[in-house]
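Before any comments, here is the structure.
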Amino acid sequence: MPIPTETFAPRPLLRDTVLGRLRDAIVDGTLAPDEQLRDAELAAWLGVSRTPVREALLELSRAGLVHAVPGRSTVVSPIEPAVLRDAQAVVGAMHALAVRTAVPRLTPADLDAMRAANERFRAARDADDLDAALTADADFHAIALDRCGNAAARAVIAQYEPVLHRAERLRFGSAEGEQSARRHERLIELCAAGDADAAARLAAQTWHSLHLDTA
């Protein structure tokens, strides 16, 4: 039979939706460190079967957001310094790669979008709107990531960046948030000047600047 000519908007896979819901709940603290995660209870909460929940927990385990304790349920991982350092190294390197590749491809409209995202970030911080600040920060970094076109870098960042987002929620509520806004401004200046190497170094430093007392 001939292939239909109608086009359909792709629907997200159920496992991806469940993964996103659980990941967000861990990052925003709804599911607290060391909290037990029973797949049956999570499935009931999300209104799905246990299979996509188990698949999501496996993926979250790979990212270091949950871990299995022998003889017990899977639990939410604490924010551990070693895990945080590993994620910083990987995410920083991937963002540096993205920025270095993106700089010669950025358009004036892209730079304007970065400036607008940073203004939203600063305004959200001034209003003590942490969720909006995190969204604006993600929008800012997504511009270079989208422009670089590296699917592998995007996949690695998607897996490990949520580990840092948990710590970012503390950073953006402190004076460090204003330093982030200034680093954003400097990154835009370097991108506009076409200095790909310096912009890449600053992109990596942005993620390595995240300090958190996990004691």
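Chains: A, B, ... in order of the structure tokens. Residues: from 1 per chain. Ligands: from 1, in order shown.
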Inset, instruction - Fewer than 3 positions away in the same chain doesn't count, so skip those; otherwise give me all residues within 6 Å of region 33-49 of chain A, counting only C-alpha atoms, as a PyMOL selection string. - result: chain A and resi 73-78
How close does region 159-210 of chain A get to region 100-110 of chain A? List, as JSON lines, each residue of region 159-210 of chain A within 10 Å, its nearest atom pair and the distance in Å to one decimal, counting only C-alpha atoms.
{"residue": "A:Ile188", "atom": "CA", "partner": "A:Val103", "partner_atom": "CA", "distance": 9.8}
{"residue": "A:Leu190", "atom": "CA", "partner": "A:Val103", "partner_atom": "CA", "distance": 8.7}
{"residue": "A:Cys191", "atom": "CA", "partner": "A:Val103", "partner_atom": "CA", "distance": 5.5}
{"residue": "A:Ala192", "atom": "CA", "partner": "A:Val103", "partner_atom": "CA", "distance": 7.9}
{"residue": "A:Ala193", "atom": "CA", "partner": "A:Val103", "partner_atom": "CA", "distance": 9.0}
{"residue": "A:Gly194", "atom": "CA", "partner": "A:Val103", "partner_atom": "CA", "distance": 6.1}
{"residue": "A:Asp195", "atom": "CA", "partner": "A:Val103", "partner_atom": "CA", "distance": 7.5}
{"residue": "A:Ala196", "atom": "CA", "partner": "A:Arg100", "partner_atom": "CA", "distance": 4.8}
{"residue": "A:Asp197", "atom": "CA", "partner": "A:Arg100", "partner_atom": "CA", "distance": 6.2}
{"residue": "A:Ala198", "atom": "CA", "partner": "A:Arg100", "partner_atom": "CA", "distance": 8.6}
{"residue": "A:Ala199", "atom": "CA", "partner": "A:Arg100", "partner_atom": "CA", "distance": 6.9}
{"residue": "A:Ala200", "atom": "CA", "partner": "A:Arg100", "partner_atom": "CA", "distance": 5.2}
{"residue": "A:Arg201", "atom": "CA", "partner": "A:Arg100", "partner_atom": "CA", "distance": 8.8}
{"residue": "A:Ala203", "atom": "CA", "partner": "A:Arg100", "partner_atom": "CA", "distance": 9.1}
With N, CA and C atoms retained, write the just-selected residues as a PDB file, in the first residue's frame.
ATOM      1  N   ILE A 188      28.622  36.172  26.166  1.00  0.00           N
ATOM      2  CA  ILE A 188      28.022  36.805  24.990  1.00  0.00           C
ATOM      3  C   ILE A 188      29.045  37.691  24.294  1.00  0.00           C
ATOM      4  N   LEU A 190      32.305  37.395  24.250  1.00  0.00           N
ATOM      5  CA  LEU A 190      33.294  36.568  23.560  1.00  0.00           C
ATOM      6  C   LEU A 190      32.706  35.938  22.299  1.00  0.00           C
ATOM      7  N   CYS A 191      31.465  35.513  22.384  1.00  0.00           N
ATOM      8  CA  CYS A 191      30.808  34.942  21.201  1.00  0.00           C
ATOM      9  C   CYS A 191      30.657  35.989  20.110  1.00  0.00           C
ATOM     10  N   ALA A 192      30.263  37.197  20.503  1.00  0.00           N
ATOM     11  CA  ALA A 192      30.083  38.271  19.522  1.00  0.00           C
ATOM     12  C   ALA A 192      31.403  38.643  18.867  1.00  0.00           C
ATOM     13  N   ALA A 193      32.515  38.531  19.630  1.00  0.00           N
ATOM     14  CA  ALA A 193      33.840  38.844  19.088  1.00  0.00           C
ATOM     15  C   ALA A 193      34.408  37.706  18.257  1.00  0.00           C
ATOM     16  N   GLY A 194      33.726  36.549  18.263  1.00  0.00           N
ATOM     17  CA  GLY A 194      34.203  35.412  17.487  1.00  0.00           C
ATOM     18  C   GLY A 194      35.361  34.670  18.135  1.00  0.00           C
ATOM     19  N   ASP A 195      35.587  34.874  19.437  1.00  0.00           N
ATOM     20  CA  ASP A 195      36.690  34.213  20.150  1.00  0.00           C
ATOM     21  C   ASP A 195      36.202  32.866  20.676  1.00  0.00           C
ATOM     22  N   ALA A 196      36.228  31.866  19.815  1.00  0.00           N
ATOM     23  CA  ALA A 196      35.661  30.564  20.157  1.00  0.00           C
ATOM     24  C   ALA A 196      36.415  29.891  21.300  1.00  0.00           C
ATOM     25  N   ASP A 197      37.738  29.994  21.308  1.00  0.00           N
ATOM     26  CA  ASP A 197      38.516  29.318  22.342  1.00  0.00           C
ATOM     27  C   ASP A 197      38.258  29.920  23.727  1.00  0.00           C
ATOM     28  N   ALA A 198      38.265  31.240  23.822  1.00  0.00           N
ATOM     29  CA  ALA A 198      38.010  31.889  25.109  1.00  0.00           C
ATOM     30  C   ALA A 198      36.576  31.641  25.566  1.00  0.00           C
ATOM     31  N   ALA A 199      35.641  31.664  24.634  1.00  0.00           N
ATOM     32  CA  ALA A 199      34.250  31.397  24.985  1.00  0.00           C
ATOM     33  C   ALA A 199      34.087  29.972  25.497  1.00  0.00           C
ATOM     34  N   ALA A 200      34.773  29.023  24.878  1.00  0.00           N
ATOM     35  CA  ALA A 200      34.694  27.628  25.310  1.00  0.00           C
ATOM     36  C   ALA A 200      35.281  27.464  26.706  1.00  0.00           C
ATOM     37  N   ARG A 201      36.415  28.146  26.976  1.00  0.00           N
ATOM     38  CA  ARG A 201      37.008  28.060  28.317  1.00  0.00           C
ATOM     39  C   ARG A 201      36.057  28.617  29.371  1.00  0.00           C
ATOM     40  N   ALA A 203      32.793  28.794  29.142  1.00  0.00           N
ATOM     41  CA  ALA A 203      31.650  27.880  29.259  1.00  0.00           C
ATOM     42  C   ALA A 203      31.973  26.740  30.212  1.00  0.00           C
TER      43      ALA A 203
END
Inset, instruction - Rounded to one decimal place, report the CA of Ala98 (chain A)-CA of Gly29 (chain A) distance in Å. - result: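 Here the two named atoms are 29.1 Å from each other.
Nearest-residue note for Phe121 (chain A): choosing from A:Ala152, A:Leu187, A:Ala181, A:Leu58, the minimum distance belongs to A:Ala181, counting only C-alpha atoms.
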Inset, instruction - Step one, run DSSP on the backbone; step two, keep only residues of region 50-154 of chain A assigned to strand (DSSP E or B); then write them as an MDAnalysis selection string. - result: chainID A and resid 66:68 74:76
Legend entry - Which residue of A:Arg115, A:Arg85, A:Arg120, A:His141 approaches Glu189 (chain A) most closely, using only C-alpha atoms: A:Arg115
Legend entry - Best match for closeness to Arg21 (chain A) among A:Glu168, A:Thr51, A:Ala117, A:Ala56, counting only C-alpha atoms: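 Among the listed residues, the smallest separation from Arg21 (chain A) belongs to A:Ala56.
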Inset, instruction - May I have all residues of chain A that DSSP, computed from the backbone, assigns to alpha helix (DSSP H), given as a ChimeraX atom specification? - result: /A:14-27,39-46,50-63,81-102,108-126,130-148,151-171,176-193,196-208
Legend entry - Straight-line distance linking CA of Ala63 (chain A) with CA of Asp129 (chain A), stated in Å to one decimal: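 Here the two named atoms are 26.9 Å from each other.
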Legend entry - Atomic distance CA of Arg182 (chain A) - CA of His208 (chain A), expressed in Å with one decimal: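 Separation of CA of Arg182 (chain A) and CA of His208 (chain A): 15.3 Å.
Counting only C-alpha atoms, the residue from A:Ala167, A:Ala32, A:Ala155, A:Ile143 that sits nearest to Pro81 (chain A) is A:Ala167.
Using only C-alpha atoms, the contacts of Trp207 (chain A) at a cut-off of 9 Å, with sequence neighbours closer than 4 positions omitted, comprise Gln88, Ala89, Val91, Gly92, His95, Leu164, Leu202 and Ala203 of chain A.
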Would you save the residues of that selection, restricted to C-alpha atoms, as a PDB file, in the first residue's frame?
ATOM      1  CA  GLN A  88      30.878  18.935  36.373  1.00  0.00           C
ATOM      2  CA  ALA A  89      33.819  17.564  34.387  1.00  0.00           C
ATOM      3  CA  VAL A  91      28.992  18.627  31.439  1.00  0.00           C
ATOM      4  CA  GLY A  92      31.607  21.383  31.407  1.00  0.00           C
ATOM      5  CA  HIS A  95      29.270  22.714  26.902  1.00  0.00           C
ATOM      6  CA  LEU A 164      24.131  19.676  38.655  1.00  0.00           C
ATOM      7  CA  LEU A 202      34.475  30.319  30.020  1.00  0.00           C
ATOM      8  CA  ALA A 203      31.650  27.880  29.259  1.00  0.00           C
TER       9      ALA A 203
END
Legend entry - Residue contacts of Glu55 (chain A) (12 Å, only C-alpha atoms) excluding same-chain residues fewer than 2 positions away, as a PyMOL selection string: chain A and resi 13-20+22+39+43+49-53+57-62
